[in-house]
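K.L.:
Provided herewith: data34.txt, compact mmCIF, C-alpha atoms.
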```txt
# COMPACT_ATOMS: atom_id res chain seq x y z
CA MET A 652 40.68 56.84 -10.66
CA LEU A 653 39.18 56.58 -14.15
CA SER A 654 40.19 52.95 -14.49
CA LEU A 655 38.65 52.15 -11.09
CA ASP A 656 35.41 53.86 -12.11
CA MET A 657 35.34 51.93 -15.37
CA TYR A 658 35.94 48.69 -13.44
CA LYS A 659 33.00 49.44 -11.16
CA PHE A 660 30.87 50.37 -14.15
CA ASN A 661 31.69 47.08 -15.88
CA ILE A 662 30.78 45.13 -12.74
CA LEU A 663 27.46 46.96 -12.44
CA LEU A 664 26.77 46.43 -16.14
CA TYR A 665 27.52 42.71 -15.80
CA LEU A 666 25.22 42.40 -12.78
CA PHE A 667 22.48 44.32 -14.60
CA ASN A 668 22.74 42.08 -17.66
CA LEU A 669 22.72 38.97 -15.48
CA GLY A 670 19.71 40.26 -13.54
CA MET A 671 17.79 41.00 -16.74
CA LEU A 672 18.68 37.55 -18.05
CA VAL A 673 17.44 35.88 -14.86
CA LEU A 674 14.24 37.97 -14.97
CA LEU A 675 13.66 36.99 -18.59
CA LEU A 676 14.34 33.36 -17.66
CA ILE A 677 11.76 33.51 -14.83
CA ILE A 678 9.13 34.90 -17.20
CA LEU A 679 9.88 32.30 -19.88
CA LEU A 680 9.88 29.43 -17.39
CA SER A 681 6.58 30.58 -15.89
CA VAL A 682 5.03 30.60 -19.36
CA CYS A 683 6.54 27.16 -20.06
CA VAL A 684 5.03 25.78 -16.85
CA ALA A 685 1.63 27.22 -17.80
CA PHE A 686 1.64 25.59 -21.23
CA PHE A 687 3.02 22.36 -19.76
CA THR A 688 -0.10 22.06 -17.60
CA LEU A 689 -2.27 22.70 -20.66
CA PHE A 690 -0.33 20.13 -22.68
CA GLU A 691 -0.63 17.54 -19.91
CA ARG A 692 -4.37 18.06 -19.50
CA LYS A 693 -4.93 17.85 -23.25
CA ILE A 694 -2.97 14.58 -23.49
CA MET A 695 -4.80 13.15 -20.48
CA GLY A 696 -8.09 14.18 -22.06
CA GLY A 697 -7.13 12.33 -25.23
CA PHE A 698 -6.38 9.18 -23.25
CA HIS A 699 -9.78 9.47 -21.53
CA TYR A 700 -11.65 10.18 -24.79
CA ARG A 701 -12.61 13.70 -23.75
CA LYS A 702 -11.68 17.19 -24.95
CA GLY A 703 -9.84 18.59 -21.96
CA PRO A 704 -9.71 22.39 -21.37
CA ASN A 705 -11.49 24.08 -24.30
CA LYS A 706 -13.51 27.01 -22.90
CA VAL A 707 -11.11 29.78 -21.85
CA GLY A 708 -9.67 31.25 -25.04
CA LEU A 709 -9.14 29.44 -28.33
CA ILE A 710 -9.06 25.64 -27.63
CA GLY A 711 -8.49 26.48 -23.96
CA ILE A 712 -5.11 28.16 -24.49
CA PHE A 713 -5.71 30.68 -21.69
CA GLN A 714 -6.92 28.08 -19.17
CA PRO A 715 -3.54 27.89 -17.29
CA PHE A 716 -3.48 31.67 -16.82
CA SER A 717 -7.05 31.59 -15.52
CA ASP A 718 -6.09 28.86 -13.03
CA ALA A 719 -3.03 30.84 -11.94
CA MET A 720 -5.10 33.98 -11.34
CA LYS A 721 -7.57 31.95 -9.30
CA LEU A 722 -4.85 30.31 -7.18
CA PHE A 723 -2.78 33.40 -6.46
CA SER A 724 -5.78 35.60 -5.70
CA LYS A 725 -6.97 33.38 -2.85
CA GLU A 726 -6.64 34.40 0.78
CA ILE A 727 -3.38 33.35 2.46
CA GLY A 728 -4.14 31.14 5.43
CA ALA A 729 -2.31 28.72 7.72
CA PRO A 730 -3.35 25.95 10.13
CA TYR A 731 -3.82 27.05 13.72
CA LEU A 732 -0.98 24.96 15.19
CA SER A 733 1.57 25.73 12.46
CA VAL A 734 4.25 28.43 12.43
CA LYS A 735 2.75 30.89 9.99
CA PHE A 736 6.03 32.36 8.77
CA LEU A 737 7.48 28.95 7.87
CA PHE A 738 4.18 27.76 6.42
CA ILE A 739 4.11 30.71 4.00
CA SER A 740 7.84 30.86 3.20
CA ILE A 741 8.52 27.14 2.51
CA PRO A 742 6.67 27.09 -0.88
CA ILE A 743 8.43 30.31 -1.91
CA PHE A 744 11.87 28.89 -1.09
CA ALA A 745 11.03 25.62 -2.87
CA PHE A 746 10.08 27.49 -6.05
CA TYR A 747 13.16 29.71 -5.73
CA ILE A 748 15.51 26.71 -5.48
CA SER A 749 13.88 25.13 -8.54
CA LEU A 750 14.64 28.34 -10.44
CA LEU A 751 18.25 28.38 -9.24
CA CYS A 752 18.76 24.88 -10.70
CA TRP A 753 18.45 26.45 -14.14
CA LEU A 754 21.62 28.47 -13.53
CA GLY A 755 23.57 25.27 -14.21
CA ILE A 756 22.25 25.10 -17.78
CA LEU A 757 21.87 28.84 -18.40
CA GLU A 758 24.53 28.82 -21.12
CA ILE A 759 21.98 27.37 -23.55
CA PHE A 760 20.23 30.77 -23.37
CA ASN A 761 23.32 32.98 -23.45
CA GLU A 762 26.83 32.16 -24.63
CA TRP A 763 28.68 34.62 -22.38
CA TYR A 764 27.35 32.96 -19.23
CA ILE A 765 29.77 30.11 -18.42
CA MET A 766 29.88 28.08 -15.23
CA GLU A 767 32.70 25.55 -14.98
CA PHE A 768 31.19 23.60 -12.06
CA SER A 769 27.61 23.57 -13.28
CA PHE A 770 27.00 19.91 -12.39
CA LEU A 771 28.20 20.52 -8.83
CA LEU A 772 25.79 23.46 -8.48
CA ILE A 773 22.89 21.40 -9.85
CA PHE A 774 23.40 18.56 -7.39
CA CYS A 775 23.88 20.87 -4.42
CA LEU A 776 20.55 22.52 -5.23
CA LEU A 777 18.72 19.28 -6.01
CA SER A 778 19.76 17.86 -2.63
CA LEU A 779 17.81 20.68 -0.93
CA ASN A 780 14.43 19.55 -2.29
CA VAL A 781 14.17 16.83 0.32
CA TYR A 782 14.22 19.44 3.10
CA PHE A 783 11.25 21.29 1.61
CA ILE A 784 9.26 18.04 1.52
CA LEU A 785 10.19 17.30 5.14
CA VAL A 786 9.55 20.79 6.51
CA GLY A 787 6.44 21.29 4.37
CA GLY A 788 4.86 18.14 5.78
CA TRP A 789 5.98 18.75 9.36
CA ILE A 790 4.99 22.42 9.56
CA SER A 791 1.41 21.65 8.47
CA LYS A 792 0.79 19.78 11.74
CA SER A 793 -1.36 17.24 9.90
CA VAL A 794 -1.07 13.48 10.31
CA TYR A 795 -1.50 12.87 6.58
CA SER A 796 1.11 15.44 5.55
CA ILE A 797 3.64 14.15 8.11
CA ILE A 798 3.24 10.55 6.91
CA SER A 799 3.64 11.69 3.31
CA SER A 800 6.74 13.77 4.10
CA ILE A 801 8.43 10.87 5.92
CA ARG A 802 7.66 8.56 3.03
CA GLY A 803 8.83 11.14 0.50
CA VAL A 804 12.10 11.80 2.35
CA ALA A 805 12.92 8.07 2.48
CA GLN A 806 12.16 7.76 -1.24
CA ALA A 807 14.12 10.87 -2.25
CA ILE A 808 17.23 10.04 -0.18
CA SER A 809 17.27 6.45 -1.42
CA TYR A 810 17.10 7.37 -5.07
CA GLU A 811 19.57 10.23 -4.72
CA ILE A 812 22.22 7.62 -3.85
CA VAL A 813 21.56 5.82 -7.13
CA LEU A 814 21.40 9.13 -9.00
CA ILE A 815 24.86 10.07 -7.73
CA PHE A 816 26.24 6.78 -9.04
CA LEU A 817 24.62 7.46 -12.41
CA ILE A 818 26.14 10.92 -12.73
CA LEU A 819 29.54 9.72 -11.47
CA MET A 820 29.69 7.26 -14.36
CA PHE A 821 29.17 10.08 -16.85
CA LEU A 822 31.58 12.42 -15.08
CA LEU A 823 34.16 9.62 -15.08
CA SER A 824 33.80 9.32 -18.85
CA ILE A 825 34.12 13.07 -19.62
CA GLU A 826 36.39 13.93 -16.62
CA ASP A 827 34.83 17.35 -16.15
CA LEU A 828 32.03 19.09 -14.21
CA PHE A 829 31.13 21.40 -17.09
CA ILE A 830 27.73 20.38 -18.44
CA THR A 831 28.36 21.60 -22.00
CA LYS A 832 31.23 19.11 -22.29
CA PHE A 833 28.53 16.50 -22.90
CA ILE A 834 27.81 18.19 -26.23
CA ASN A 835 31.46 17.85 -27.30
CA PHE A 836 31.67 14.20 -26.28
CA GLN A 837 28.43 13.32 -28.09
CA GLU A 838 29.11 15.16 -31.32
CA TYR A 839 29.36 11.95 -33.38
CA PHE A 840 28.07 9.27 -31.02
CA TRP A 841 25.25 9.78 -28.50
CA TYR A 842 25.55 8.15 -25.09
CA TRP A 843 22.19 6.52 -25.72
CA TRP A 844 23.89 3.90 -27.88
CA GLU A 845 26.65 3.28 -25.37
CA PHE A 846 24.65 3.38 -22.13
CA TYR A 847 21.20 2.22 -23.24
CA LEU A 848 20.70 0.24 -20.00
CA LEU A 849 21.63 3.30 -17.97
CA GLN A 850 19.11 5.30 -19.96
CA PHE A 851 16.24 3.01 -18.96
CA THR A 852 17.18 2.84 -15.28
CA GLY A 853 18.06 6.54 -15.22
CA PHE A 854 14.58 7.40 -16.45
CA LEU A 855 13.10 5.32 -13.61
CA ILE A 856 15.26 7.24 -11.11
CA ILE A 857 14.08 10.57 -12.52
CA LEU A 858 10.46 9.42 -12.24
CA SER A 859 11.06 8.65 -8.58
CA GLU A 860 12.86 11.95 -7.98
CA LEU A 861 9.98 13.87 -9.53
CA ASN A 862 7.36 11.77 -7.73
CA ARG A 863 5.63 11.05 -11.01
CA ALA A 864 3.42 8.06 -11.75
CA PRO A 865 3.89 5.15 -11.34
CA PHE A 866 6.21 6.27 -8.50
CA ASP A 867 3.96 9.02 -7.09
CA LEU A 868 3.99 7.50 -3.60
CA LEU A 869 4.46 10.97 -2.15
CA GLU A 870 0.98 12.02 -3.27
CA GLY A 871 -0.96 8.76 -3.02
CA GLU A 872 -4.48 10.17 -3.22
CA SER A 873 -6.05 6.87 -2.18
CA GLU A 874 -4.49 6.97 1.31
CA LEU A 875 -2.76 10.34 1.85
CA VAL A 876 -5.25 12.83 0.34
CA SER A 877 -2.72 14.71 -1.85
CA GLY A 878 0.32 14.14 0.38
CA TYR A 879 2.58 16.61 2.15
CA ASN A 880 0.91 19.68 0.59
CA VAL A 881 -2.63 18.80 1.69
CA GLU A 882 -2.85 21.83 4.01
CA PHE A 883 -1.45 24.28 1.45
CA GLY A 884 -3.87 26.28 -0.64
CA GLY A 885 -3.80 29.26 -2.95
CA ASN A 886 -0.28 30.70 -3.16
CA GLY A 887 1.40 27.82 -1.32
CA PHE A 888 -0.16 25.11 -3.46
CA GLY A 889 0.54 27.16 -6.60
CA MET A 890 4.22 27.47 -5.70
CA PHE A 891 4.60 23.74 -5.04
CA PHE A 892 2.70 22.95 -8.23
CA MET A 893 4.92 25.25 -10.31
CA MET A 894 8.05 23.79 -8.68
CA GLU A 895 7.07 20.22 -9.59
CA ASN A 896 6.22 21.07 -13.20
CA LEU A 897 9.34 23.21 -13.56
CA MET A 898 11.51 20.33 -12.38
CA ILE A 899 9.92 18.05 -14.99
CA ILE A 900 11.04 20.42 -17.76
CA PHE A 901 14.46 20.80 -16.14
CA TRP A 902 15.03 17.05 -15.85
CA SER A 903 13.90 16.58 -19.45
CA ILE A 904 16.63 18.97 -20.61
CA LEU A 905 19.21 17.40 -18.29
CA PHE A 906 18.30 13.92 -19.55
CA ILE A 907 18.87 15.14 -23.11
CA TYR A 908 22.31 16.40 -22.07
CA LEU A 909 23.18 13.02 -20.61
CA PHE A 910 21.95 10.72 -23.37
CA TYR A 911 20.88 12.60 -26.51
CA GLY A 912 23.68 14.97 -27.40
CA GLY A 913 22.63 17.98 -25.35
CA ILE A 914 20.96 21.17 -26.52
CA GLN A 915 22.99 23.48 -28.73
CA SER A 916 20.15 25.79 -29.76
CA PHE A 917 16.38 25.79 -29.62
CA PHE A 918 15.72 24.60 -33.14
CA LEU A 919 12.94 22.20 -34.08
CA MET A 920 15.03 19.07 -33.42
CA GLU A 921 15.93 20.17 -29.89
CA LEU A 922 12.35 21.13 -29.08
CA MET A 923 11.13 17.77 -30.33
CA LYS A 924 13.49 16.01 -27.92
CA ILE A 925 12.09 17.97 -24.97
CA ILE A 926 8.45 17.52 -26.02
CA PHE A 927 8.97 13.79 -26.52
CA LEU A 928 10.37 13.33 -23.00
CA ILE A 929 7.58 15.43 -21.46
CA TYR A 930 5.04 13.34 -23.39
CA LEU A 931 6.72 10.21 -22.04
CA PHE A 932 6.17 11.43 -18.45
CA ILE A 933 2.47 11.95 -19.18
CA TRP A 934 2.14 8.67 -21.10
CA LEU A 935 3.52 6.64 -18.19
CA ARG A 936 1.09 8.38 -15.86
CA MET A 937 -1.80 7.22 -18.02
CA ILE A 938 -0.90 3.57 -18.60
CA TYR A 939 0.71 2.32 -15.36
CA PRO A 940 -0.83 1.95 -11.89
CA ARG A 941 0.92 3.19 -8.76
CA TYR A 942 3.86 1.06 -7.65
CA ARG A 943 3.83 -0.49 -4.19
CA TYR A 944 6.12 1.30 -1.73
CA ASP A 945 8.11 -1.71 -0.53
CA LYS A 946 8.61 -2.82 -4.14
CA LEU A 947 9.88 0.65 -5.00
CA MET A 948 12.50 0.60 -2.24
CA GLU A 949 13.47 -2.98 -3.12
CA LEU A 950 13.93 -1.95 -6.75
CA MET A 951 16.44 0.70 -5.71
CA TRP A 952 18.40 -1.00 -2.92
CA VAL A 953 18.55 -4.50 -4.41
CA SER A 954 18.40 -4.14 -8.19
CA ILE A 955 19.43 -0.71 -9.47
CA LEU A 956 22.07 0.09 -6.83
CA LEU A 957 23.88 -3.23 -7.33
CA PHE A 958 23.74 -2.83 -11.10
CA TYR A 959 25.14 0.72 -10.91
CA MET A 960 27.97 -0.29 -8.60
CA LEU A 961 29.02 -3.02 -11.05
CA MET A 962 28.73 -0.60 -13.99
CA PHE A 963 30.82 1.99 -12.14
CA LEU A 964 33.58 -0.55 -11.48
CA PHE A 965 33.40 -1.66 -15.13
CA ILE A 966 33.78 1.89 -16.49
CA TYR A 967 36.52 2.69 -13.97
CA GLY A 968 38.38 -0.48 -15.01
CA ILE A 969 38.18 0.48 -18.69
CA LYS A 970 39.52 3.96 -17.92
CA PHE A 971 42.34 2.49 -15.82
CA MET A 972 43.34 0.04 -18.59
CA PHE A 973 43.25 2.87 -21.14
CA TYR A 974 45.58 5.05 -19.08
CA CYS A 975 47.91 2.12 -18.45
CA TYR A 976 48.05 1.53 -22.22
CA LEU A 977 48.90 5.18 -22.92
CA TYR A 978 51.46 5.73 -20.17
```
Output the structure of this file as structure tokens.
P.N.:
Amino acid sequence: MLSLDMYKFNILLYLFNLGMLVLLLIILLSVCVAFFTLFERKIMGGFHYRKGPNKVGLIGIFQPFSDAMKLFSKEIGAPYLSVKFLFISIPIFAFYISLLCWLGILEIFNEWYIMEFSFLLIFCLLSLNVYFILVGGWISKSVYSIISSIRGVAQAISYEIVLIFLILMFLLSIEDLFITKFINFQEYFWYWWEFYLLQFTGFLIILSELNRAPFDLLEGESELVSGYNVEFGGNGFGMFFMMENLMIIFWSILFIYLFYGGIQSFFLMELMKIIFLIYLFIWLRMIYPRYRYDKLMELMWVSILLFYMLMFLFIYGIKFMFYCYLY
């Protein structure tokens, strides 16, 4: 009986530690999203030869928290024709799924948390984002939001096909679904030197997945008036906004795992990698105009997909010849 009680106690202690870790992660990620918005607005202000946020707190450091308080203190409303429960719950689920994606790379925060199929979990969760775009646009009962959701779903599904090919090439090289194996395989030689063409095209795919400029066709302000979330305000808009910014930080870390040796600890070198990629997202937003939609789809289906299929066959052929040589 004592051993059974100790077993239950260990399970409860493990769940408590995991819950506290997830709670700490939510707090840290919320703070990261807040300072990401401040960083983006400061960089954009520099490009426009203006100061950016500089009133709330020292050099505007408390501006994101002021914006968050304003957004989340607004009255919760829904369009008359929409289903109110779905209209309110969709942004919450979208933000929740974006938080769950971090479970795949949680071992960078704690060594005792190990997930052997972390890449599989990440892609299962990332594939759900398209449903939030679709339902969020449809449930608003607005012509603009429905058009944006249809366009966003076509864009997301198309580029997820290419993204799967990209990840399959890396999984074929390491032969494992454990994300920290990328650190072991890039200990002496980063994949950036070996797959520099994949790095360039992979960054374009991530831009499309995140709906960032110049591929922000989902939120084309000139014709869609903010896109699928045009009817969301206050809490709903804040949740969608936090989800998008959180996924930018997540993809920056995942991109570092794929091409730049991964993240072993949050020292200055690792932070500089993340900040550089985030700056690159903002820089591209400032210097390039919005891409035309038909050109975007042609770029994926004609150019990148064909290139990735040939690269996949090339890598598979090298692996096959290597195994034939050994055995």
K.L.:
Using 3 Å of padding on each side, determine the axis-aligned box around all atoms of stretch 767-773 of chain A present in the file and give its centre and edge lengths in Å to one decimal, as lines of an AutoDock Vina configuration file.
P.N.:
```
center_x = 27.8
center_y = 22.7
center_z = -11.7
size_x = 15.8
size_y = 11.6
size_z = 12.5
```
K.L.:
Give me the residues within 9 Å of stretch 720-732 of chain A as a list of chain:residue names, counting all atoms listed in the file and dropping any in the same chain fewer than 5 places off.
P.N.:
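Near stretch 720-732 of chain A, the qualifying residues are A:Pro715, A:Phe738, A:Ile739, A:Ile790, A:Ser791, A:Lys792, A:Ser793, A:Glu882, A:Phe883, A:Gly884, A:Gly885, A:Asn886, A:Gly887, A:Phe888, A:Gly889.
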K.L.:
At most 9 Å is the cut-off: for each residue in stretch 923-944 of chain A with any atom that close to an atom of stretch 848-864 of chain A, write down the nearest atom pair and the distance in Å rounded to one decimal, counting all atoms listed in the file, chain first then increasing number, as JSON lines.
P.N.:
```
{"residue": "A:Phe932", "atom": "CA", "partner": "A:Arg863", "partner_atom": "CA", "distance": 7.5}
{"residue": "A:Ile933", "atom": "CA", "partner": "A:Ala864", "partner_atom": "CA", "distance": 8.4}
{"residue": "A:Leu935", "atom": "CA", "partner": "A:Ala864", "partner_atom": "CA", "distance": 6.6}
{"residue": "A:Arg936", "atom": "CA", "partner": "A:Ala864", "partner_atom": "CA", "distance": 4.7}
{"residue": "A:Met937", "atom": "CA", "partner": "A:Ala864", "partner_atom": "CA", "distance": 8.2}
{"residue": "A:Tyr939", "atom": "CA", "partner": "A:Ala864", "partner_atom": "CA", "distance": 7.3}
{"residue": "A:Pro940", "atom": "CA", "partner": "A:Ala864", "partner_atom": "CA", "distance": 7.4}
{"residue": "A:Arg941", "atom": "CA", "partner": "A:Ala864", "partner_atom": "CA", "distance": 6.2}
{"residue": "A:Tyr942", "atom": "CA", "partner": "A:Ala864", "partner_atom": "CA", "distance": 8.1}
```
K.L.:
Closest to A:Phe768 among A:Ser800, A:Asn705, A:Thr831, A:Ser877, using all atoms listed in the file?
P.N.:
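Closest to A:Phe768 of all the choices is A:Thr831.
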K.L.:
Find, counting all atoms listed in the file, the residue in A:Leu751, A:Ala745, A:Leu771, A:Ile710 that gets nearest to A:Leu828.
P.N.:
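Looking at the shortest contact to A:Leu828, the residue is A:Leu771.
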K.L.:
Determine the nearest neighbour of A:Val804 from the options A:Leu689, A:Leu779, A:Ile830, A:Ile904, counting all atoms listed in the file.
P.N.:
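For A:Val804, the nearest of the candidates is A:Leu779.
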K.L.:
When you count only C-alpha atoms, which of these residues is closest to A:Val684: A:Phe918, A:Tyr967, A:Trp843, A:Phe901?
P.N.:
A:Phe901
K.L.:
Counting all atoms listed in the file, what is within 7 Å of A:Met890, bar same-chain residues fewer than 4 positions away, as a ChimeraX atom specification?
P.N.:
/A:742-743,746,886,894
K.L.:
Atoms to include: C-alpha atoms. Write the selected residues as a short mmCIF file (atom, residue, chain, number, x, y, z; two decimals), in the frame of the given file.
P.N.:
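This went into again.cif:
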```cif
data_model
loop_
_atom_site.label_atom_id
_atom_site.label_comp_id
_atom_site.auth_asym_id
_atom_site.auth_seq_id
_atom_site.Cartn_x
_atom_site.Cartn_y
_atom_site.Cartn_z
CA PRO A 742 6.67 27.09 -0.88
CA ILE A 743 8.43 30.31 -1.91
CA PHE A 746 10.08 27.49 -6.05
CA ASN A 886 -0.28 30.70 -3.16
CA MET A 894 8.05 23.79 -8.68
#
```
K.L.:
Identify, on the basis of only C-alpha atoms, every residue whose closest approach to A:Phe833 does not exceed 8 Å; exclude the query and any residue fewer than 4 positions from it along the same chain; express the result as a ChimeraX atom specification.
P.N.:
/A:825,837,908-909,912-913
K.L.:
So how far away is atom CA of A:Cys752 from atom CA of A:Ala719, in Å?
P.N.:
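Distance between the two atoms: 22.6 Å.
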K.L.:
Output requested as an mmCIF file, in the frame of the given file - stretch 771-780 of chain A, filled out with all heavy atoms.
P.N.:
```cif
data_model
loop_
_atom_site.group_PDB
_atom_site.id
_atom_site.type_symbol
_atom_site.label_atom_id
_atom_site.label_comp_id
_atom_site.auth_asym_id
_atom_site.auth_seq_id
_atom_site.Cartn_x
_atom_site.Cartn_y
_atom_site.Cartn_z
ATOM 1 N N LEU A 771 28.102 20.455 -10.286
ATOM 2 C CA LEU A 771 28.200 20.520 -8.830
ATOM 3 C C LEU A 771 27.108 21.423 -8.263
ATOM 4 O O LEU A 771 26.484 21.105 -7.238
ATOM 5 C CB LEU A 771 29.582 21.033 -8.433
ATOM 6 C CG LEU A 771 29.931 21.011 -6.950
ATOM 7 C CD1 LEU A 771 29.887 19.600 -6.405
ATOM 8 C CD2 LEU A 771 31.290 21.642 -6.714
ATOM 9 N N LEU A 772 26.857 22.557 -8.918
ATOM 10 C CA LEU A 772 25.790 23.460 -8.480
ATOM 11 C C LEU A 772 24.435 22.775 -8.567
ATOM 12 O O LEU A 772 23.610 22.875 -7.637
ATOM 13 C CB LEU A 772 25.796 24.727 -9.339
ATOM 14 C CG LEU A 772 24.624 25.682 -9.114
ATOM 15 C CD1 LEU A 772 24.704 26.314 -7.737
ATOM 16 C CD2 LEU A 772 24.565 26.741 -10.198
ATOM 17 N N ILE A 773 24.187 22.055 -9.660
ATOM 18 C CA ILE A 773 22.890 21.400 -9.850
ATOM 19 C C ILE A 773 22.625 20.394 -8.736
ATOM 20 O O ILE A 773 21.530 20.357 -8.152
ATOM 21 C CB ILE A 773 22.841 20.733 -11.239
ATOM 22 C CG1 ILE A 773 22.758 21.796 -12.339
ATOM 23 C CG2 ILE A 773 21.654 19.781 -11.341
ATOM 24 C CD1 ILE A 773 22.902 21.241 -13.736
ATOM 25 N N PHE A 774 23.632 19.585 -8.392
ATOM 26 C CA PHE A 774 23.400 18.560 -7.390
ATOM 27 C C PHE A 774 23.331 19.130 -5.981
ATOM 28 O O PHE A 774 22.640 18.577 -5.121
ATOM 29 C CB PHE A 774 24.483 17.488 -7.479
ATOM 30 C CG PHE A 774 24.164 16.454 -8.505
ATOM 31 C CD1 PHE A 774 24.681 16.549 -9.771
ATOM 32 C CD2 PHE A 774 23.320 15.410 -8.209
ATOM 33 C CE1 PHE A 774 24.365 15.616 -10.729
ATOM 34 C CE2 PHE A 774 22.996 14.467 -9.155
ATOM 35 C CZ PHE A 774 23.522 14.566 -10.420
ATOM 36 N N CYS A 775 24.016 20.217 -5.729
ATOM 37 C CA CYS A 775 23.880 20.870 -4.420
ATOM 38 C C CYS A 775 22.468 21.423 -4.242
ATOM 39 O O CYS A 775 21.880 21.337 -3.153
ATOM 40 C CB CYS A 775 24.902 21.992 -4.287
ATOM 41 S SG CYS A 775 26.600 21.421 -4.077
ATOM 42 N N LEU A 776 21.896 21.968 -5.317
ATOM 43 C CA LEU A 776 20.550 22.520 -5.230
ATOM 44 C C LEU A 776 19.485 21.425 -5.201
ATOM 45 O O LEU A 776 18.490 21.528 -4.483
ATOM 46 C CB LEU A 776 20.302 23.473 -6.409
ATOM 47 C CG LEU A 776 21.149 24.747 -6.418
ATOM 48 C CD1 LEU A 776 20.921 25.533 -7.693
ATOM 49 C CD2 LEU A 776 20.823 25.609 -5.207
ATOM 50 N N LEU A 777 19.698 20.368 -5.990
ATOM 51 C CA LEU A 777 18.720 19.280 -6.010
ATOM 52 C C LEU A 777 18.647 18.559 -4.665
ATOM 53 O O LEU A 777 17.596 18.039 -4.292
ATOM 54 C CB LEU A 777 19.071 18.271 -7.112
ATOM 55 C CG LEU A 777 18.831 18.722 -8.549
ATOM 56 C CD1 LEU A 777 19.290 17.647 -9.519
ATOM 57 C CD2 LEU A 777 17.353 19.043 -8.781
ATOM 58 N N SER A 778 19.762 18.524 -3.934
ATOM 59 C CA SER A 778 19.760 17.860 -2.630
ATOM 60 C C SER A 778 18.938 18.622 -1.594
ATOM 61 O O SER A 778 18.616 18.077 -0.535
ATOM 62 C CB SER A 778 21.192 17.687 -2.131
ATOM 63 O OG SER A 778 21.815 18.941 -1.948
ATOM 64 N N LEU A 779 18.603 19.888 -1.879
ATOM 65 C CA LEU A 779 17.810 20.680 -0.930
ATOM 66 C C LEU A 779 16.319 20.395 -1.015
ATOM 67 O O LEU A 779 15.569 20.758 -0.103
ATOM 68 C CB LEU A 779 18.058 22.178 -1.169
ATOM 69 C CG LEU A 779 19.480 22.692 -0.932
ATOM 70 C CD1 LEU A 779 19.564 24.163 -1.305
ATOM 71 C CD2 LEU A 779 19.886 22.490 0.513
ATOM 72 N N ASN A 780 15.865 19.779 -2.120
ATOM 73 C CA ASN A 780 14.430 19.550 -2.290
ATOM 74 C C ASN A 780 13.849 18.661 -1.198
ATOM 75 O O ASN A 780 12.681 18.803 -0.814
ATOM 76 C CB ASN A 780 14.159 18.930 -3.660
ATOM 77 C CG ASN A 780 14.353 19.935 -4.782
ATOM 78 O OD1 ASN A 780 14.166 21.138 -4.584
ATOM 79 N ND2 ASN A 780 14.712 19.459 -5.955
#
```
